[in-house]
file query28.cif (mmCIF, C-alpha atoms)
data_start
#
loop_
_atom_site.group_PDB
_atom_site.id
_atom_site.type_symbol
_atom_site.label_atom_id
_atom_site.label_comp_id
_atom_site.auth_asym_id
_atom_site.auth_seq_id
_atom_site.Cartn_x
_atom_site.Cartn_y
_atom_site.Cartn_z
ATOM 1 C CA MET A 1 15.934 13.379 40.374
ATOM 2 C CA PRO A 2 15.074 11.075 37.470
ATOM 3 C CA ILE A 3 12.880 8.079 38.104
ATOM 4 C CA GLN A 4 14.883 4.846 37.963
ATOM 5 C CA THR A 5 12.337 2.183 38.928
ATOM 6 C CA VAL A 6 8.565 1.828 38.875
ATOM 7 C CA LYS A 7 6.436 -0.715 40.753
ATOM 8 C CA VAL A 8 3.934 -1.984 38.180
ATOM 9 C CA ASN A 9 2.483 -5.217 36.843
ATOM 10 C CA ARG A 10 3.358 -6.593 33.425
ATOM 11 C CA ALA A 11 0.202 -5.751 31.436
ATOM 12 C CA PRO A 12 0.727 -1.972 31.317
ATOM 13 C CA VAL A 13 4.447 -2.506 30.623
ATOM 14 C CA LEU A 14 3.615 -4.677 27.616
ATOM 15 C CA THR A 15 0.883 -2.257 26.507
ATOM 16 C CA LEU A 16 3.290 0.687 26.512
ATOM 17 C CA TRP A 17 6.205 -1.247 24.981
ATOM 18 C CA ALA A 18 4.019 -2.616 22.170
ATOM 19 C CA ALA A 19 2.668 0.893 21.500
ATOM 20 C CA VAL A 20 6.213 2.278 21.329
ATOM 21 C CA VAL A 21 7.214 -0.548 18.969
ATOM 22 C CA ALA A 22 4.144 0.066 16.781
ATOM 23 C CA GLU A 23 4.994 3.770 16.634
ATOM 24 C CA ARG A 24 8.579 2.896 15.621
ATOM 25 C CA MET A 25 7.113 0.647 12.915
ATOM 26 C CA GLY A 26 5.333 3.681 11.452
ATOM 27 C CA PHE A 27 1.908 3.771 13.097
ATOM 28 C CA GLU A 28 0.617 7.071 14.448
ATOM 29 C CA TRP A 29 0.479 7.215 18.259
ATOM 30 C CA GLY A 30 -3.314 6.792 18.552
ATOM 31 C CA SER A 31 -3.197 3.631 16.437
ATOM 32 C CA ALA A 32 -0.103 2.423 18.272
ATOM 33 C CA LEU A 33 -1.841 2.761 21.657
ATOM 34 C CA THR A 34 -4.734 0.588 20.513
ATOM 35 C CA LEU A 35 -2.375 -2.016 19.061
ATOM 36 C CA GLY A 36 -0.463 -2.135 22.351
ATOM 37 C CA LYS A 37 -3.627 -2.562 24.383
ATOM 38 C CA ALA A 38 -4.928 -5.319 22.098
ATOM 39 C CA LEU A 39 -1.606 -7.172 22.222
ATOM 40 C CA ALA A 40 -1.470 -7.057 26.024
ATOM 41 C CA GLY A 41 -5.080 -8.253 26.188
ATOM 42 C CA LEU A 42 -4.433 -11.179 23.858
ATOM 43 C CA ASN A 43 -1.332 -12.158 25.824
ATOM 44 C CA ALA A 44 -3.204 -11.939 29.133
ATOM 45 C CA GLN A 45 -5.981 -14.102 27.727
ATOM 46 C CA SER A 46 -3.494 -16.738 26.513
ATOM 47 C CA LYS A 47 -1.596 -16.712 29.804
ATOM 48 C CA GLY A 48 -4.826 -16.824 31.829
ATOM 49 C CA ARG A 49 -6.014 -19.876 29.895
ATOM 50 C CA SER A 50 -2.667 -21.646 30.342
ATOM 51 C CA LEU A 51 -2.910 -21.033 34.108
ATOM 52 C CA GLY A 52 -6.554 -22.127 34.261
ATOM 53 C CA ILE A 53 -7.736 -18.646 35.258
ATOM 54 C CA TYR A 54 -9.739 -18.161 32.045
ATOM 55 C CA HIS A 55 -11.692 -20.917 30.356
ATOM 56 C CA ALA A 56 -13.148 -21.240 26.900
ATOM 57 C CA PRO A 57 -16.913 -20.702 26.962
ATOM 58 C CA GLU A 58 -18.835 -23.895 27.606
ATOM 59 C CA LEU A 59 -21.431 -24.882 25.061
ATOM 60 C CA GLY A 60 -24.671 -26.629 25.908
ATOM 61 C CA PRO A 61 -25.441 -30.189 24.739
ATOM 62 C CA GLY A 62 -25.450 -30.415 20.938
ATOM 63 C CA ALA A 63 -24.409 -26.776 20.533
ATOM 64 C CA LYS A 64 -21.719 -25.929 18.051
ATOM 65 C CA PRO A 65 -19.227 -23.085 18.358
ATOM 66 C CA LYS A 66 -20.119 -20.026 16.323
ATOM 67 C CA ALA A 67 -18.039 -19.382 13.253
ATOM 68 C CA LYS A 68 -15.309 -16.852 13.867
ATOM 69 C CA THR A 69 -16.956 -13.982 12.048
ATOM 70 C CA GLY A 70 -17.924 -10.522 13.134
ATOM 71 C CA LEU A 71 -14.600 -9.595 14.670
ATOM 72 C CA GLY A 72 -15.076 -6.284 12.934
ATOM 73 C CA GLU A 73 -11.588 -6.317 11.524
ATOM 74 C CA ASP A 74 -10.610 -4.952 8.121
ATOM 75 C CA ARG A 75 -7.265 -6.702 8.285
ATOM 76 C CA TRP A 76 -4.599 -7.935 10.688
ATOM 77 C CA VAL A 77 -1.367 -6.272 11.799
ATOM 78 C CA GLU A 78 1.474 -8.325 13.235
ATOM 79 C CA LEU A 79 3.048 -6.816 16.340
ATOM 80 C CA CYS A 80 5.583 -8.491 18.623
ATOM 81 C CA GLY A 81 4.970 -11.766 16.800
ATOM 82 C CA ARG A 82 1.190 -11.753 17.297
ATOM 83 C CA PRO A 83 -1.552 -10.878 14.783
ATOM 84 C CA ILE A 84 -3.854 -8.061 15.937
ATOM 85 C CA PRO A 85 -7.272 -7.440 14.305
ATOM 86 C CA VAL A 86 -7.638 -3.834 13.116
ATOM 87 C CA LYS A 87 -10.098 -1.685 11.232
ATOM 88 C CA SER A 88 -9.953 1.711 9.586
ATOM 89 C CA THR A 89 -12.034 4.365 11.327
ATOM 90 C CA GLN A 90 -12.534 8.073 10.688
ATOM 91 C CA ALA A 91 -9.967 8.692 13.433
ATOM 92 C CA GLY A 92 -7.416 6.300 11.870
ATOM 93 C CA LEU A 93 -6.444 2.660 12.169
ATOM 94 C CA ARG A 94 -7.638 1.065 15.434
ATOM 95 C CA ALA A 95 -7.235 -2.379 16.941
ATOM 96 C CA VAL A 96 -10.607 -3.959 17.632
ATOM 97 C CA VAL A 97 -12.142 -6.155 20.297
ATOM 98 C CA LEU A 98 -15.114 -7.881 18.690
ATOM 99 C CA ASP A 99 -16.704 -5.101 16.633
ATOM 100 C CA ASP A 100 -15.484 -2.253 18.815
ATOM 101 C CA PRO A 101 -12.414 -0.175 17.985
ATOM 102 C CA ILE A 102 -10.249 0.438 21.043
ATOM 103 C CA ASP A 103 -10.266 4.080 22.143
ATOM 104 C CA PRO A 104 -6.706 5.460 22.353
ATOM 105 C CA GLU A 105 -7.782 7.959 25.016
ATOM 106 C CA SER A 106 -8.896 5.114 27.289
ATOM 107 C CA VAL A 107 -5.494 3.459 26.778
ATOM 108 C CA THR A 108 -3.779 6.734 27.698
ATOM 109 C CA ARG A 109 -5.855 6.980 30.894
ATOM 110 C CA TYR A 110 -5.023 3.339 31.700
ATOM 111 C CA LEU A 111 -1.284 3.956 31.274
ATOM 112 C CA GLU A 112 -1.413 7.191 33.282
ATOM 113 C CA GLY A 113 -3.195 5.342 36.075
ATOM 114 C CA LYS A 114 -0.644 2.528 36.142
ATOM 115 C CA PHE A 115 2.587 4.510 35.671
ATOM 116 C CA GLY A 116 1.559 7.821 37.251
ATOM 117 C CA GLU A 117 4.144 10.573 36.979
ATOM 118 C CA ALA A 118 6.731 8.056 35.731
ATOM 119 C CA LEU A 119 4.919 7.535 32.401
ATOM 120 C CA PRO A 120 6.894 10.133 30.378
ATOM 121 C CA GLU A 121 10.246 8.769 31.580
ATOM 122 C CA VAL A 122 9.263 5.144 31.028
ATOM 123 C CA ARG A 123 8.011 5.968 27.520
ATOM 124 C CA LYS A 124 11.213 7.873 26.749
ATOM 125 C CA ALA A 125 13.379 4.927 27.882
ATOM 126 C CA MET A 126 11.322 2.538 25.753
ATOM 127 C CA GLN A 127 11.565 4.889 22.753
ATOM 128 C CA THR A 128 15.344 4.961 23.179
ATOM 129 C CA LEU A 129 15.400 1.174 23.119
ATOM 130 C CA ALA A 130 13.105 0.983 20.086
ATOM 131 C CA ARG A 131 15.216 3.531 18.160
ATOM 132 C CA ALA A 132 18.348 1.480 18.870
ATOM 133 C CA HIS A 133 16.901 -1.225 16.605
ATOM 134 C CA THR A 134 15.878 -1.194 12.976
ATOM 135 C CA GLN A 135 12.258 -1.857 12.100
ATOM 136 C CA GLU A 136 13.307 -5.260 10.776
ATOM 137 C CA GLU A 137 15.038 -6.127 14.050
ATOM 138 C CA LEU A 138 12.036 -4.996 16.085
ATOM 139 C CA ALA A 139 9.702 -7.092 13.948
ATOM 140 C CA THR A 140 11.503 -10.220 15.152
ATOM 141 C CA GLU A 141 13.016 -9.160 18.500
ATOM 142 C CA ALA A 142 10.477 -6.849 20.180
ATOM 143 C CA PHE A 143 8.872 -9.507 22.386
ATOM 144 C CA ASP A 144 12.257 -10.953 23.381
ATOM 145 C CA LEU A 145 13.378 -7.449 24.358
ATOM 146 C CA TYR A 146 10.231 -7.062 26.485
ATOM 147 C CA GLN A 147 10.992 -10.355 28.213
ATOM 148 C CA SER A 148 14.481 -9.016 28.993
ATOM 149 C CA PHE A 149 13.235 -5.969 30.907
ATOM 150 C CA ARG A 150 9.728 -6.807 32.115
ATOM 151 C CA PRO A 151 9.134 -6.790 35.874
ATOM 152 C CA GLN A 152 9.935 -10.079 37.563
ATOM 153 C CA VAL A 153 7.023 -11.696 39.397
ATOM 154 C CA ALA A 154 6.315 -15.088 40.913
ATOM 155 C CA ARG A 155 5.805 -17.892 38.417
ATOM 156 C CA GLY A 156 2.409 -19.322 37.617
ATOM 157 C CA GLU A 157 -0.908 -18.314 39.108
ATOM 158 C CA GLN A 158 0.808 -16.808 42.149
ATOM 159 C CA GLY A 159 2.316 -14.065 39.956
ATOM 160 C CA TRP A 160 -0.919 -13.264 38.096
ATOM 161 C CA GLY A 161 -1.537 -9.508 38.379
ATOM 162 C CA GLN A 162 1.359 -9.109 40.803
ATOM 163 C CA ALA A 163 3.391 -5.900 40.584
ATOM 164 C CA GLY A 164 7.117 -6.087 40.070
ATOM 165 C CA THR A 165 9.888 -3.543 39.629
ATOM 166 C CA LEU A 166 10.459 -2.056 36.188
ATOM 167 C CA ASP A 167 14.061 -0.826 36.013
ATOM 168 C CA LEU A 168 14.589 1.972 33.480
ATOM 169 C CA LYS A 169 18.366 1.470 33.594
ATOM 170 C CA LYS A 170 17.827 -2.096 32.388
ATOM 171 C CA ILE A 171 15.750 -0.835 29.455
ATOM 172 C CA LEU A 172 18.388 1.741 28.526
ATOM 173 C CA ALA A 173 21.210 -0.802 28.878
ATOM 174 C CA LEU A 174 19.492 -2.934 26.213
ATOM 175 C CA ALA A 175 19.668 0.056 23.865
ATOM 176 C CA LYS A 176 23.457 0.248 24.055
ATOM 177 C CA PRO A 177 25.417 -1.656 21.434
ATOM 178 C CA GLN A 178 26.425 -5.030 22.785
ATOM 179 C CA ARG A 179 30.058 -6.023 22.441
ATOM 180 C CA PRO A 180 30.946 -9.581 21.438
#

call {"tool": "encode", "arguments": {"input": "query28.cif", "output": "C-alpha cells"}}
result
Amino acid sequence: MPIQTVKVNRAPVLTLWAAVVAERMGFEWGSALTLGKALAGLNAQSKGRSLGIYHAPELGPGAKPKAKTGLGEDRWVELCGRPIPVKSTQAGLRAVVLDDPIDPESVTRYLEGKFGEALPEVRKAMQTLARAHTQEELATEAFDLYQSFRPQVARGEQGWGQAGTLDLKKILALAKPQRP
C-alpha cells in the first residue's frame, strides 16, 4: 500500500523540496542536495532569530564585527528566493557553510533518517510537483508551493522542531492543473 502521510518536521521537508527544485533547475543531484540543506539551514537560522532561539554573537567592549569574508564561496545561487553560497569542487558544485562544502552523502543520510522508508515516495511526489511547473515558474513560486504543503505545526516557539503530517496527496494535488 502506498504511503500517503509522513510524520516529520519542516526542516527535512524543505531540504528535500529545495533539492528537488534545484535538480529541476538543472543541477546534478549531489549539488542539489547541498543546496537544499543550505537553504533549510539558512531558513532555520532566520526563523530561530525571529523567535529569539538564536542570537547574533555578542561582541566584547570596543570589538567590531569581522568583515564578511572567508565564506569560501565562488559565487551565489538563488534557490526558492534565497541566495546560497556555493563553490566548485572536484566533485561538482557544492553549497558551503563557512569554508566547508556540504557533503551530499551526509544530506542523503539525514533525509533517510528523517523520512525512513517513505523517502522514495516523498521524493517522487515532489518531483511530480516540480515537473508540473516550468523552471521560470519554480524560480518564483517554489517557496510558496512549499508553504502550501509543508506540515502544519504550532505557531511560534511552541512549534519549533515539532513534527507535523506531510500529506503526499496534497503535494500531488498541487501538481494538477488548477481550473479557474

call {"tool": "residues_near_point", "arguments": {"input": "query28.cif", "point": "(6.5, 6.4, 19.8)", "cutoff": "10 Å", "atoms": "only C-alpha atoms", "output": "MDAnalysis selection string"}}
result
chainID A and resid 16:30 32:33 123:124 126:128 130:131

call {"tool": "residues_around", "arguments": {"input": "query28.cif", "residues": "segment 146-152 of chain A", "least_positions_apart": "5", "cutoff": "8 Å", "atoms": "all atoms listed in the file", "output": "PyMOL selection string"}}
result
chain A and resi 8-10+13-14+17+163-167+170-171

call {"tool": "atom_distance", "arguments": {"input": "query28.cif", "atom1": "atom CA of Glu105 of chain A", "atom2": "atom CA of Arg82 of chain A"}}
result
23.0 Å

call {"tool": "atom_distance", "arguments": {"input": "query28.cif", "atom1": "atom CA of Val86 of chain A", "atom2": "atom CA of Leu35 of chain A"}}
result
8.1 Å

call {"tool": "axis_aligned_box", "arguments": {"input": "query28.cif", "around": "segment 2-9 of chain A", "padding_each_side": "3 Å", "output": "JSON"}}
result
{"center_x": 8.8, "center_y": 2.9, "center_z": 38.8, "size_x": 18.6, "size_y": 22.3, "size_z": 9.9}

call {"tool": "closest_residue", "arguments": {"input": "query28.cif", "among": "A:Glu112, A:Asp144, A:Asp99, A:Glu121", "to": "Asp74 of chain A", "atoms": "only C-alpha atoms"}}
result
A:Asp99

call {"tool": "atom_distance", "arguments": {"input": "query28.cif", "atom1": "atom CA of Thr134 of chain A", "atom2": "atom CA of Lys176 of chain A"}}
result
13.5 Å

call {"tool": "resolve_selection", "arguments": {"input": "query28.cif", "expression": "the PyMOL selection byres ((chain A and resi 80) around 8)", "output": "VMD selection string"}}
result
chain A and resid 18 78 to 79 81 to 82 138 to 143

call {"tool": "residues_around", "arguments": {"input": "query28.cif", "residues": "Leu111 of chain A", "least_positions_apart": "4", "cutoff": "8 Å", "atoms": "all atoms listed in the file", "output": "list in words"}}
result
Pro12, Leu16, Val107, Phe115, Gly116 and Leu119 of chain A

call {"tool": "closest_residue", "arguments": {"input": "query28.cif", "among": "A:Gln90, A:Pro104, A:Trp76, A:Leu129", "to": "Leu172 of chain A", "atoms": "all atoms listed in the file"}}
result
A:Leu129
